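Source file: structure16.cif; contents: mmCIF, C-alpha atoms.
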```
data_work
loop_
_atom_site.group_PDB
_atom_site.id
_atom_site.type_symbol
_atom_site.label_atom_id
_atom_site.label_comp_id
_atom_site.auth_asym_id
_atom_site.auth_seq_id
_atom_site.Cartn_x
_atom_site.Cartn_y
_atom_site.Cartn_z
ATOM 1 C CA MET A 1 -130.649 -9.041 87.716
ATOM 2 C CA GLU A 2 -133.377 -6.377 87.560
ATOM 3 C CA LYS A 3 -132.748 -3.225 89.512
ATOM 4 C CA ARG A 4 -135.445 -2.353 92.047
ATOM 5 C CA ILE A 5 -136.714 1.245 92.230
ATOM 6 C CA ALA A 6 -139.064 2.691 94.872
ATOM 7 C CA ILE A 7 -141.065 5.730 93.837
ATOM 8 C CA ILE A 8 -142.761 7.735 96.571
ATOM 9 C CA GLY A 9 -145.637 9.653 95.016
ATOM 10 C CA ALA A 10 -148.004 8.569 92.221
ATOM 11 C CA GLY A 11 -148.401 12.010 90.666
ATOM 12 C CA PRO A 12 -147.386 12.843 87.074
ATOM 13 C CA ALA A 13 -143.652 13.013 87.829
ATOM 14 C CA GLY A 14 -143.771 9.683 89.656
ATOM 15 C CA TYR A 15 -145.875 7.732 87.181
ATOM 16 C CA THR A 16 -143.970 9.126 84.173
ATOM 17 C CA ALA A 17 -140.681 8.056 85.766
ATOM 18 C CA ALA A 18 -142.195 4.599 86.323
ATOM 19 C CA GLN A 19 -143.150 4.337 82.656
ATOM 20 C CA GLU A 20 -139.620 5.235 81.550
ATOM 21 C CA LEU A 21 -137.836 3.059 84.107
ATOM 22 C CA SER A 22 -139.979 0.081 83.136
ATOM 23 C CA LYS A 23 -138.734 0.468 79.562
ATOM 24 C CA ALA A 24 -135.186 0.350 80.978
ATOM 25 C CA GLY A 25 -135.899 -3.025 82.557
ATOM 26 C CA CYS A 26 -136.299 -1.910 86.167
ATOM 27 C CA GLN A 27 -138.740 -3.319 88.703
ATOM 28 C CA ILE A 28 -140.740 -0.438 90.208
ATOM 29 C CA ASP A 29 -142.841 -0.127 93.349
ATOM 30 C CA ILE A 30 -144.925 3.067 93.612
ATOM 31 C CA PHE A 31 -146.042 4.160 97.070
ATOM 32 C CA ASP A 32 -148.710 6.801 97.651
ATOM 33 C CA LYS A 33 -150.663 7.880 100.723
ATOM 34 C CA GLU A 34 -153.837 8.386 98.662
ATOM 35 C CA ALA A 35 -156.199 5.759 97.266
ATOM 36 C CA ALA A 36 -155.539 6.428 93.589
ATOM 37 C CA LEU A 37 -152.977 7.599 91.049
ATOM 38 C CA GLY A 38 -152.661 11.273 90.133
ATOM 39 C CA GLY A 39 -151.169 13.253 93.007
ATOM 40 C CA ALA A 40 -152.431 16.845 93.042
ATOM 41 C CA ILE A 41 -154.402 16.199 89.848
ATOM 42 C CA TYR A 42 -156.436 13.658 91.784
ATOM 43 C CA THR A 43 -156.690 15.520 95.087
ATOM 44 C CA GLY A 44 -156.630 19.181 94.095
ATOM 45 C CA ILE A 45 -157.948 19.916 90.604
ATOM 46 C CA PRO A 46 -161.763 20.104 90.474
ATOM 47 C CA GLU A 47 -163.520 17.799 88.040
ATOM 48 C CA TYR A 48 -165.252 20.722 86.314
ATOM 49 C CA ARG A 49 -161.842 22.048 85.279
ATOM 50 C CA MET A 50 -160.174 18.788 84.280
ATOM 51 C CA SER A 51 -161.620 15.355 83.662
ATOM 52 C CA LYS A 52 -159.705 12.606 85.461
ATOM 53 C CA VAL A 53 -160.497 9.945 82.842
ATOM 54 C CA PHE A 54 -156.938 10.040 81.527
ATOM 55 C CA LEU A 55 -155.622 9.106 84.984
ATOM 56 C CA ASP A 56 -157.546 5.853 84.876
ATOM 57 C CA LYS A 57 -156.046 5.115 81.462
ATOM 58 C CA VAL A 58 -152.520 5.714 82.801
ATOM 59 C CA TYR A 59 -153.259 3.555 85.837
ATOM 60 C CA GLN A 60 -154.602 0.670 83.766
ATOM 61 C CA GLN A 61 -151.551 0.761 81.490
ATOM 62 C CA LEU A 62 -149.150 0.698 84.431
ATOM 63 C CA LYS A 63 -151.183 -1.901 86.303
ATOM 64 C CA ALA A 64 -150.837 -4.197 83.278
ATOM 65 C CA ASP A 65 -147.061 -3.662 83.266
ATOM 66 C CA GLU A 66 -145.342 -6.631 84.934
ATOM 67 C CA HIS A 67 -142.522 -4.317 86.049
ATOM 68 C CA VAL A 68 -144.778 -1.968 88.077
ATOM 69 C CA ASN A 69 -146.569 -2.489 91.392
ATOM 70 C CA PHE A 70 -148.734 0.029 93.257
ATOM 71 C CA HIS A 71 -149.018 0.459 97.026
ATOM 72 C CA PHE A 72 -151.832 2.930 97.698
ATOM 73 C CA ASN A 73 -152.998 4.158 101.109
ATOM 74 C CA THR A 74 -149.373 3.814 102.189
ATOM 75 C CA PHE A 75 -147.688 6.642 104.084
ATOM 76 C CA ILE A 76 -143.897 6.510 104.063
ATOM 77 C CA ASP A 77 -142.483 7.743 107.374
ATOM 78 C CA LYS A 78 -138.869 7.737 108.590
ATOM 79 C CA GLU A 79 -138.893 4.053 109.548
ATOM 80 C CA ALA A 80 -140.458 2.975 106.257
ATOM 81 C CA PHE A 81 -138.053 5.186 104.299
ATOM 82 C CA ALA A 82 -135.048 3.631 106.010
ATOM 83 C CA LYS A 83 -136.310 0.184 105.044
ATOM 84 C CA LEU A 84 -136.789 1.278 101.433
ATOM 85 C CA ARG A 85 -133.190 2.457 101.339
ATOM 86 C CA SER A 86 -131.995 -0.964 102.395
ATOM 87 C CA ASP A 87 -134.330 -2.881 100.065
ATOM 88 C CA TYR A 88 -134.081 -0.895 96.804
ATOM 89 C CA ASP A 89 -131.319 0.093 94.389
ATOM 90 C CA ALA A 90 -132.683 3.658 94.127
ATOM 91 C CA ILE A 91 -135.496 5.776 95.542
ATOM 92 C CA LEU A 92 -137.318 8.562 93.756
ATOM 93 C CA LEU A 93 -139.039 11.158 95.924
ATOM 94 C CA ALA A 94 -141.983 12.641 94.027
ATOM 95 C CA PRO A 95 -144.492 13.464 96.788
ATOM 96 C CA GLY A 96 -145.352 16.922 95.436
ATOM 97 C CA ALA A 97 -145.242 20.156 97.404
ATOM 98 C CA GLN A 98 -147.922 19.377 99.970
ATOM 99 C CA VAL A 99 -146.846 21.521 102.937
ATOM 100 C CA GLU A 100 -148.995 24.642 102.795
ATOM 101 C CA ASN A 101 -147.862 28.085 103.858
ATOM 102 C CA THR A 102 -150.101 29.512 106.548
ATOM 103 C CA PHE A 103 -147.604 31.985 108.031
ATOM 104 C CA HIS A 104 -148.472 32.312 111.710
ATOM 105 C CA PHE A 105 -152.231 31.881 111.294
ATOM 106 C CA GLU A 106 -153.948 28.986 113.042
ATOM 107 C CA THR A 107 -156.399 27.004 110.934
ATOM 108 C CA GLY A 108 -159.870 25.982 112.030
ATOM 109 C CA LYS A 109 -163.246 27.656 112.630
ATOM 110 C CA GLY A 110 -163.420 29.372 109.253
ATOM 111 C CA VAL A 111 -159.677 29.511 108.494
ATOM 112 C CA LEU A 112 -158.463 26.940 105.948
ATOM 113 C CA ALA A 113 -155.485 26.226 103.728
ATOM 114 C CA GLY A 114 -156.199 25.943 100.020
ATOM 115 C CA LEU A 115 -155.210 22.335 99.333
ATOM 116 C CA SER A 116 -157.103 21.240 102.431
ATOM 117 C CA LEU A 117 -160.262 22.858 101.070
ATOM 118 C CA LEU A 118 -159.806 21.237 97.657
ATOM 119 C CA TYR A 119 -159.179 17.830 99.236
ATOM 120 C CA ASP A 120 -162.326 18.212 101.324
ATOM 121 C CA LEU A 121 -164.373 19.064 98.229
ATOM 122 C CA ASN A 122 -162.777 16.778 95.653
ATOM 123 C CA ILE A 123 -162.024 13.635 97.668
ATOM 124 C CA ARG A 124 -164.367 13.765 100.650
ATOM 125 C CA LYS A 125 -167.160 15.434 98.609
ATOM 126 C CA ASN A 126 -167.943 17.483 101.702
ATOM 127 C CA HIS A 127 -169.740 20.329 99.901
ATOM 128 C CA ASP A 128 -172.609 20.659 102.363
ATOM 129 C CA ALA A 129 -170.228 21.640 105.184
ATOM 130 C CA TYR A 130 -169.532 24.948 103.418
ATOM 131 C CA LYS A 131 -173.123 25.996 102.805
ATOM 132 C CA LYS A 132 -173.218 27.577 106.284
ATOM 133 C CA TYR A 133 -170.786 30.314 105.218
ATOM 134 C CA LYS A 134 -172.009 33.609 103.776
ATOM 135 C CA LYS A 135 -168.858 35.322 102.527
ATOM 136 C CA ALA A 136 -165.456 33.853 101.664
ATOM 137 C CA ILE A 137 -162.037 35.403 101.110
ATOM 138 C CA VAL A 138 -159.537 33.476 99.015
ATOM 139 C CA TRP A 139 -156.052 34.806 99.739
ATOM 140 C CA GLY A 140 -153.627 34.250 96.875
ATOM 141 C CA GLY A 141 -153.189 34.568 93.134
ATOM 142 C CA GLY A 142 -152.071 31.181 91.809
ATOM 143 C CA ASN A 143 -153.974 28.336 90.230
ATOM 144 C CA VAL A 144 -154.744 26.823 93.649
ATOM 145 C CA ALA A 145 -156.388 30.110 94.624
ATOM 146 C CA MET A 146 -158.462 30.099 91.426
ATOM 147 C CA ASP A 147 -159.516 26.487 92.007
ATOM 148 C CA CYS A 148 -160.564 27.379 95.553
ATOM 149 C CA ALA A 149 -162.477 30.481 94.464
ATOM 150 C CA ARG A 150 -164.222 28.766 91.571
ATOM 151 C CA SER A 151 -165.132 25.790 93.769
ATOM 152 C CA LEU A 152 -166.558 28.016 96.500
ATOM 153 C CA ILE A 153 -168.584 30.207 94.125
ATOM 154 C CA ARG A 154 -170.468 27.042 93.217
ATOM 155 C CA ILE A 155 -171.511 26.786 96.874
ATOM 156 C CA LEU A 156 -171.577 30.387 98.181
ATOM 157 C CA ASP A 157 -172.895 33.637 96.734
ATOM 158 C CA ASP A 158 -170.023 35.885 97.823
ATOM 159 C CA VAL A 159 -166.389 34.966 97.096
ATOM 160 C CA THR A 160 -163.539 37.488 96.834
ATOM 161 C CA VAL A 161 -159.947 36.836 95.805
ATOM 162 C CA VAL A 162 -157.452 39.053 97.653
ATOM 163 C CA TYR A 163 -154.090 39.320 95.889
ATOM 164 C CA ARG A 164 -151.140 41.535 96.743
ATOM 165 C CA ARG A 165 -150.101 42.374 93.183
ATOM 166 C CA SER A 166 -151.957 43.585 90.109
ATOM 167 C CA GLU A 167 -153.548 41.345 87.499
ATOM 168 C CA ALA A 168 -150.484 41.707 85.288
ATOM 169 C CA GLU A 169 -148.398 39.874 87.911
ATOM 170 C CA ILE A 170 -150.907 37.216 88.863
ATOM 171 C CA THR A 171 -149.536 33.689 88.362
ATOM 172 C CA ALA A 172 -152.816 31.884 87.712
ATOM 173 C CA ASN A 173 -153.728 31.014 84.142
ATOM 174 C CA LYS A 174 -155.469 33.943 82.472
ATOM 175 C CA SER A 175 -158.289 31.657 81.372
ATOM 176 C CA GLU A 176 -158.873 30.704 85.019
ATOM 177 C CA ILE A 177 -159.182 34.362 86.012
ATOM 178 C CA ARG A 178 -161.567 35.024 83.136
ATOM 179 C CA ASP A 179 -163.732 32.022 84.013
ATOM 180 C CA ALA A 180 -163.733 32.925 87.720
ATOM 181 C CA ARG A 181 -165.043 36.406 86.923
ATOM 182 C CA LYS A 182 -167.745 34.986 84.654
ATOM 183 C CA GLU A 183 -168.838 32.720 87.494
ATOM 184 C CA GLY A 184 -169.162 35.643 89.912
ATOM 185 C CA VAL A 185 -165.851 35.655 91.782
ATOM 186 C CA LYS A 186 -164.754 39.173 92.786
ATOM 187 C CA PHE A 187 -161.129 40.335 92.781
ATOM 188 C CA ASP A 188 -159.535 42.795 95.208
ATOM 189 C CA LEU A 189 -156.105 43.340 93.689
ATOM 190 C CA LEU A 190 -153.171 45.218 95.202
ATOM 191 C CA ARG A 191 -154.446 44.135 98.584
ATOM 192 C CA ASN A 192 -152.918 41.859 101.228
ATOM 193 C CA VAL A 193 -154.096 40.154 104.423
ATOM 194 C CA ILE A 194 -152.087 41.232 107.444
ATOM 195 C CA ASP A 195 -154.268 39.905 110.266
ATOM 196 C CA MET A 196 -157.341 37.810 110.973
ATOM 197 C CA GLN A 197 -160.068 38.595 113.449
ATOM 198 C CA ARG A 198 -162.119 36.026 115.366
ATOM 199 C CA ASP A 199 -165.207 36.332 117.531
ATOM 200 C CA GLY A 200 -165.547 35.295 121.165
ATOM 201 C CA GLN A 201 -165.982 31.646 120.195
ATOM 202 C CA GLY A 202 -162.890 31.680 117.986
ATOM 203 C CA HIS A 203 -164.728 31.764 114.671
ATOM 204 C CA PHE A 204 -163.234 33.820 111.848
ATOM 205 C CA LYS A 205 -165.128 37.078 111.355
ATOM 206 C CA GLY A 206 -162.947 39.017 108.928
ATOM 207 C CA ALA A 207 -159.495 40.068 107.827
ATOM 208 C CA THR A 208 -157.441 43.202 108.251
ATOM 209 C CA ILE A 209 -156.418 44.217 104.747
ATOM 210 C CA ILE A 210 -153.698 46.639 103.675
ATOM 211 C CA LYS A 211 -153.454 48.308 100.288
ATOM 212 C CA MET A 212 -150.356 47.658 98.214
ATOM 213 C CA GLU A 213 -148.502 49.452 95.439
ATOM 214 C CA LEU A 214 -145.942 48.068 93.018
ATOM 215 C CA GLY A 215 -142.260 48.773 93.462
ATOM 216 C CA GLU A 216 -139.148 47.510 91.701
ATOM 217 C CA PRO A 217 -138.973 43.971 90.210
ATOM 218 C CA ASP A 218 -137.987 41.242 92.677
ATOM 219 C CA GLU A 219 -136.178 37.920 92.089
ATOM 220 C CA SER A 220 -139.246 36.557 90.264
ATOM 221 C CA GLY A 221 -138.993 39.342 87.692
ATOM 222 C CA ARG A 222 -142.348 40.773 88.770
ATOM 223 C CA ARG A 223 -142.761 44.161 90.371
ATOM 224 C CA SER A 224 -142.678 43.742 94.128
ATOM 225 C CA PRO A 225 -145.718 44.641 96.262
ATOM 226 C CA VAL A 226 -145.105 47.431 98.781
ATOM 227 C CA PRO A 227 -147.575 48.164 101.633
ATOM 228 C CA VAL A 228 -149.213 51.592 101.620
ATOM 229 C CA LYS A 229 -148.694 52.988 105.102
ATOM 230 C CA GLY A 230 -151.912 53.795 106.958
ATOM 231 C CA SER A 231 -154.180 52.119 104.395
ATOM 232 C CA GLU A 232 -155.422 49.265 106.587
ATOM 233 C CA TYR A 233 -159.131 48.421 106.638
ATOM 234 C CA PHE A 234 -161.380 45.563 107.783
ATOM 235 C CA MET A 235 -163.032 43.125 105.359
ATOM 236 C CA PRO A 236 -165.827 41.125 107.014
ATOM 237 C CA ALA A 237 -166.189 37.456 106.084
ATOM 238 C CA ASP A 238 -166.850 34.154 107.842
ATOM 239 C CA LEU A 239 -164.471 31.982 105.787
ATOM 240 C CA ILE A 240 -160.921 32.588 104.590
ATOM 241 C CA VAL A 241 -158.870 30.209 102.454
ATOM 242 C CA MET A 242 -155.101 30.667 102.361
ATOM 243 C CA ALA A 243 -153.702 29.718 98.945
ATOM 244 C CA ILE A 244 -150.356 31.420 99.439
ATOM 245 C CA GLY A 245 -147.832 28.832 98.402
ATOM 246 C CA GLN A 246 -146.562 25.349 99.158
ATOM 247 C CA LYS A 247 -143.278 23.683 99.898
ATOM 248 C CA VAL A 248 -141.853 20.225 100.481
ATOM 249 C CA ASP A 249 -140.640 18.877 103.813
ATOM 250 C CA LEU A 250 -138.082 16.113 103.273
ATOM 251 C CA SER A 251 -137.620 15.678 107.025
ATOM 252 C CA VAL A 252 -140.686 13.418 107.078
ATOM 253 C CA PHE A 253 -138.471 10.853 105.310
ATOM 254 C CA ASP A 254 -135.089 11.655 106.864
ATOM 255 C CA PRO A 255 -134.148 14.799 108.854
ATOM 256 C CA SER A 256 -130.705 14.835 107.226
ATOM 257 C CA LEU A 257 -132.065 14.691 103.668
ATOM 258 C CA GLU A 258 -131.347 17.719 101.461
ATOM 259 C CA MET A 259 -131.633 18.605 97.788
ATOM 260 C CA THR A 260 -128.322 19.168 96.013
ATOM 261 C CA ASP A 261 -128.039 19.272 92.212
ATOM 262 C CA ASP A 262 -131.066 18.849 89.969
ATOM 263 C CA HIS A 263 -132.816 15.564 90.793
ATOM 264 C CA HIS A 264 -130.169 14.604 93.353
ATOM 265 C CA THR A 265 -130.087 14.644 97.149
ATOM 266 C CA ASN A 266 -127.194 14.393 99.572
ATOM 267 C CA GLU A 267 -128.014 10.696 100.047
ATOM 268 C CA ASP A 268 -126.618 8.247 97.498
ATOM 269 C CA LYS A 269 -129.262 6.721 95.221
ATOM 270 C CA VAL A 270 -132.038 8.995 96.527
ATOM 271 C CA TYR A 271 -133.438 11.219 93.787
ATOM 272 C CA ILE A 272 -136.130 13.902 93.731
ATOM 273 C CA ALA A 273 -138.400 15.264 90.997
ATOM 274 C CA GLY A 274 -141.615 17.116 90.219
ATOM 275 C CA ASP A 275 -143.155 19.757 92.454
ATOM 276 C CA ALA A 276 -141.090 18.456 95.375
ATOM 277 C CA LEU A 277 -138.036 19.783 93.519
ATOM 278 C CA THR A 278 -139.352 22.749 91.530
ATOM 279 C CA GLY A 279 -142.265 23.938 93.635
ATOM 280 C CA PRO A 280 -145.817 23.901 92.241
ATOM 281 C CA LYS A 281 -145.763 24.018 88.444
ATOM 282 C CA THR A 282 -147.784 22.631 85.541
ATOM 283 C CA ILE A 283 -148.639 19.040 84.733
ATOM 284 C CA GLY A 284 -146.476 19.352 81.621
ATOM 285 C CA SER A 285 -143.513 20.380 83.755
ATOM 286 C CA ALA A 286 -144.030 17.345 86.010
ATOM 287 C CA LEU A 287 -144.087 15.001 83.011
ATOM 288 C CA ILE A 288 -140.812 16.472 81.761
ATOM 289 C CA GLU A 289 -139.360 16.076 85.254
ATOM 290 C CA GLY A 290 -140.404 12.428 85.371
ATOM 291 C CA ARG A 291 -138.702 11.600 82.099
ATOM 292 C CA ALA A 292 -135.534 13.504 83.022
ATOM 293 C CA VAL A 293 -135.111 11.907 86.437
ATOM 294 C CA ALA A 294 -135.777 8.432 85.024
ATOM 295 C CA LYS A 295 -132.908 8.945 82.595
ATOM 296 C CA GLU A 296 -130.624 9.997 85.456
ATOM 297 C CA ILE A 297 -131.637 7.054 87.625
ATOM 298 C CA ALA A 298 -131.132 4.596 84.774
ATOM 299 C CA SER A 299 -127.706 6.014 83.961
ATOM 300 C CA GLY A 300 -126.643 5.544 87.578
ATOM 301 C CA LEU A 301 -127.724 1.895 87.766
ATOM 302 C CA HIS A 302 -125.557 0.223 85.122
ATOM 303 C CA PRO A 303 -125.681 -2.494 84.168
ATOM 304 C CA ILE A 304 -129.462 -2.712 83.821
ATOM 305 C CA SER A 305 -131.109 -5.857 82.463
ATOM 306 C CA GLY A 306 -132.434 -5.290 78.978
ATOM 307 C CA THR A 307 -130.120 -2.368 78.072
#
```
As structure tokens - that is how I would like this structure written.
Amino acid sequence: MEKRIAIIGAGPAGYTAAQELSKAGCQIDIFDKEAALGGAIYTGIPEYRMSKVFLDKVYQQLKADEHVNFHFNTFIDKEAFAKLRSDYDAILLAPGAQVENTFHFETGKGVLAGLSLLYDLNIRKNHDAYKKYKKAIVWGGGNVAMDCARSLIRILDDVTVVYRRSEAEITANKSEIRDARKEGVKFDLLRNVIDMQRDGQGHFKGATIIKMELGEPDESGRRSPVPVKGSEYFMPADLIVMAIGQKVDLSVFDPSLEMTDDHHTNEDKVYIAGDALTGPKTIGSALIEGRAVAKEIASGLHPISGT
């Protein structure tokens, strides 16, 4: 009898695992809250940076696979997750790292999180809504920050990336930084946002910035940013985008769910892979994750029809 696998998340880790598990003779159902395959590639990476044609090719191949079924526009909450656990032989969590860090800052009225901006531009095509802004700050130094900055510079004349380390420590691809500069994005390095100011109607009007200097290496191996006492100053702007990291929240599926060893959780037959496990990384990393977790799932489901 074929083993049934539920995969939550149709990003690269999820669809690669589906490809591998199909070869192992499993029956796979892929659930995703969005309308199409691709995960963050679909929702977050601008078309000018990466064509999505290959996603359609992957989708058509999987759609033609009799072992694979898609369930788009389907959000898996606690109740739905509990039902999946009773109906399937194993569950793979591959929802990505979609919970954005905003620290204590409230979004709205000119204050946005990075993935939310990219979703608004890439999926909703809501470019005109941003033409009212005159100056934008993009806070962060990863690839999400570069995507935000490069997307905004196509709409606004004045976009500045504020990053707390130097360019040597920046995590974004060097080619992205180079292209952003060519397109007119400005960089204020060794700077950090410590507060946001709003006007009487609650609209963002600028950020309090503090200068930073580099200290000893931290756990990432990069030199740690240290605030320079008394160096605070005000940077006026009417839009700020926070691209300062993401994480996963497994409690949306089950409050008791925790990650244990690689690809495993504390719940039997519930696995995890991709950005949900590693944090935001490259597409290549997600593909490797998908193949690795599929092998682990298959090895835990013996005997499997066709093996």
Rows by chain and residue number, segment 59-139 of chain A within 10 Å of segment 192-207 of chain A, shortest pair, only C-alpha atoms, as a Markdown table:
```
| residue | atom | partner | partner_atom | distance |
| --- | --- | --- | --- | --- |
| A:His104 | CA | A:Asp195 | CA | 9.7 |
| A:Phe105 | CA | A:Met196 | CA | 7.8 |
| A:Glu106 | CA | A:Met196 | CA | 9.7 |
| A:Thr107 | CA | A:Phe204 | CA | 9.7 |
| A:Gly108 | CA | A:His203 | CA | 8.0 |
| A:Lys109 | CA | A:His203 | CA | 4.8 |
| A:Gly110 | CA | A:Phe204 | CA | 5.2 |
| A:Val111 | CA | A:Phe204 | CA | 6.5 |
| A:Lys135 | CA | A:Gly206 | CA | 9.5 |
| A:Ala136 | CA | A:Gly206 | CA | 9.3 |
| A:Ile137 | CA | A:Ala207 | CA | 8.6 |
| A:Trp139 | CA | A:Val193 | CA | 7.4 |
```
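Computed from the coordinates, the atom CA of Ala36 of chain A to atom CA of Glu100 of chain A distance equals 21.4 Å.
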Which residues of segment 83-147 of chain A come within 9 Å of segment 260-281 of chain A, and what is each one's closest atom pair and distance in Å (one decimal), counting all atoms listed in the file, sorted by chain and residue number, as a Markdown table?
```
| residue | atom | partner | partner_atom | distance |
| --- | --- | --- | --- | --- |
| A:Arg85 | CA | A:Val270 | CA | 8.2 |
| A:Asp89 | CA | A:Lys269 | CA | 7.0 |
| A:Ala90 | CA | A:Lys269 | CA | 4.7 |
| A:Ile91 | CA | A:Val270 | CA | 4.8 |
| A:Leu92 | CA | A:Tyr271 | CA | 4.7 |
| A:Leu93 | CA | A:Ile272 | CA | 4.6 |
| A:Ala94 | CA | A:Ala273 | CA | 5.4 |
| A:Pro95 | CA | A:Ala276 | CA | 6.2 |
| A:Gly96 | CA | A:Ala276 | CA | 4.5 |
| A:Ala97 | CA | A:Ala276 | CA | 4.9 |
| A:Gln98 | CA | A:Ala276 | CA | 8.3 |
```
For the residues in that selection, give me C-alpha atoms as an mmCIF file, keeping the file's coordinate frame.
```
data_model
loop_
_atom_site.group_PDB
_atom_site.id
_atom_site.type_symbol
_atom_site.label_atom_id
_atom_site.label_comp_id
_atom_site.auth_asym_id
_atom_site.auth_seq_id
_atom_site.Cartn_x
_atom_site.Cartn_y
_atom_site.Cartn_z
ATOM 1 C CA ARG A 85 -133.190 2.457 101.339
ATOM 2 C CA ASP A 89 -131.319 0.093 94.389
ATOM 3 C CA ALA A 90 -132.683 3.658 94.127
ATOM 4 C CA ILE A 91 -135.496 5.776 95.542
ATOM 5 C CA LEU A 92 -137.318 8.562 93.756
ATOM 6 C CA LEU A 93 -139.039 11.158 95.924
ATOM 7 C CA ALA A 94 -141.983 12.641 94.027
ATOM 8 C CA PRO A 95 -144.492 13.464 96.788
ATOM 9 C CA GLY A 96 -145.352 16.922 95.436
ATOM 10 C CA ALA A 97 -145.242 20.156 97.404
ATOM 11 C CA GLN A 98 -147.922 19.377 99.970
#
```
Worksheet item: By how many Å are atom CA of Arg191 of chain A and atom CA of Leu117 of chain A apart?
Response: 22.2 Å
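Once His71 of chain A and its same-chain neighbours fewer than 3 positions away are set aside, Asp29, Ile30, Phe31, Asp32, Lys33, Ala35 and Thr74 of chain A remain within 9 Å of it when counting all atoms listed in the file.
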Worksheet item: If the PyMOL selection byres ((chain A and resi 214) around 9) is run on the structure shown, which residues does it catch, given as a ChimeraX atom specification?
Response: /A:165-166,190,212-213,215-217,223-227
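Applied to the shown file, the PyMOL selection byres ((chain A and resi 13) around 6) selects the residues A:Gly11, A:Pro12, A:Gly14, A:Tyr15, A:Thr16, A:Gly274, A:Ala286, A:Leu287, A:Glu289, A:Gly290.
The two atoms in question, atom CA of Lys78 of chain A and atom CA of Val293 of chain A, are spaced 22.9 Å apart.
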Practice prompt. Please evaluate the PyMOL selection byres ((chain A and resi 65) around 12) against the structure above and give the resulting residues as a PyMOL selection string.
Written response: chain A and resi 18-23+25-29+58-64+66-70
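Closest approach to Val248 of chain A from the set A:Lys132, A:Arg124, A:Val99, A:Phe187 is made by A:Val99, with distances taken over all atoms listed in the file.
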Fill in: From A:Gly230, A:Gly44, A:Gly300, A:Pro255, residue lying nearest Ala82 of chain A [only C-alpha atoms]
A:Pro255
Would you fill out segment 34-47 of chain A with N, CA and C atoms and return it as a PDB file, in the coordinates of the input?
```pdb
ATOM      1  N   GLU A  34    -152.444   8.301  99.098  1.00  0.00           N
ATOM      2  CA  GLU A  34    -153.837   8.386  98.662  1.00  0.00           C
ATOM      3  C   GLU A  34    -154.313   7.044  98.116  1.00  0.00           C
ATOM      4  N   ALA A  35    -155.582   7.010  97.706  1.00  0.00           N
ATOM      5  CA  ALA A  35    -156.199   5.759  97.266  1.00  0.00           C
ATOM      6  C   ALA A  35    -156.120   5.556  95.764  1.00  0.00           C
ATOM      7  N   ALA A  36    -155.561   6.530  95.044  1.00  0.00           N
ATOM      8  CA  ALA A  36    -155.539   6.428  93.589  1.00  0.00           C
ATOM      9  C   ALA A  36    -154.362   7.202  93.024  1.00  0.00           C
ATOM     10  N   LEU A  37    -154.052   6.923  91.767  1.00  0.00           N
ATOM     11  CA  LEU A  37    -152.977   7.599  91.049  1.00  0.00           C
ATOM     12  C   LEU A  37    -153.376   9.028  90.678  1.00  0.00           C
ATOM     13  N   GLY A  38    -152.388   9.928  90.635  1.00  0.00           N
ATOM     14  CA  GLY A  38    -152.661  11.273  90.133  1.00  0.00           C
ATOM     15  C   GLY A  38    -152.078  12.408  90.934  1.00  0.00           C
ATOM     16  N   GLY A  39    -151.730  12.167  92.210  1.00  0.00           N
ATOM     17  CA  GLY A  39    -151.169  13.253  93.007  1.00  0.00           C
ATOM     18  C   GLY A  39    -152.135  14.421  93.116  1.00  0.00           C
ATOM     19  N   ALA A  40    -151.605  15.639  92.912  1.00  0.00           N
ATOM     20  CA  ALA A  40    -152.431  16.845  93.042  1.00  0.00           C
ATOM     21  C   ALA A  40    -153.514  16.925  91.977  1.00  0.00           C
ATOM     22  N   ILE A  41    -153.331  16.233  90.851  1.00  0.00           N
ATOM     23  CA  ILE A  41    -154.402  16.199  89.848  1.00  0.00           C
ATOM     24  C   ILE A  41    -155.619  15.512  90.452  1.00  0.00           C
ATOM     25  N   TYR A  42    -155.366  14.434  91.150  1.00  0.00           N
ATOM     26  CA  TYR A  42    -156.436  13.658  91.784  1.00  0.00           C
ATOM     27  C   TYR A  42    -157.036  14.387  92.976  1.00  0.00           C
ATOM     28  N   THR A  43    -156.193  14.950  93.828  1.00  0.00           N
ATOM     29  CA  THR A  43    -156.690  15.520  95.087  1.00  0.00           C
ATOM     30  C   THR A  43    -157.077  16.990  94.986  1.00  0.00           C
ATOM     31  N   GLY A  44    -156.484  17.735  94.054  1.00  0.00           N
ATOM     32  CA  GLY A  44    -156.630  19.181  94.095  1.00  0.00           C
ATOM     33  C   GLY A  44    -157.358  19.846  92.950  1.00  0.00           C
ATOM     34  N   ILE A  45    -157.329  19.252  91.752  1.00  0.00           N
ATOM     35  CA  ILE A  45    -157.948  19.916  90.604  1.00  0.00           C
ATOM     36  C   ILE A  45    -159.407  19.500  90.503  1.00  0.00           C
ATOM     37  N   PRO A  46    -160.336  20.450  90.535  1.00  0.00           N
ATOM     38  CA  PRO A  46    -161.763  20.104  90.474  1.00  0.00           C
ATOM     39  C   PRO A  46    -162.122  19.426  89.153  1.00  0.00           C
ATOM     40  N   GLU A  47    -163.091  18.555  89.220  1.00  0.00           N
ATOM     41  CA  GLU A  47    -163.520  17.799  88.040  1.00  0.00           C
ATOM     42  C   GLU A  47    -164.053  18.718  86.942  1.00  0.00           C
TER      43      GLU A  47
END
```
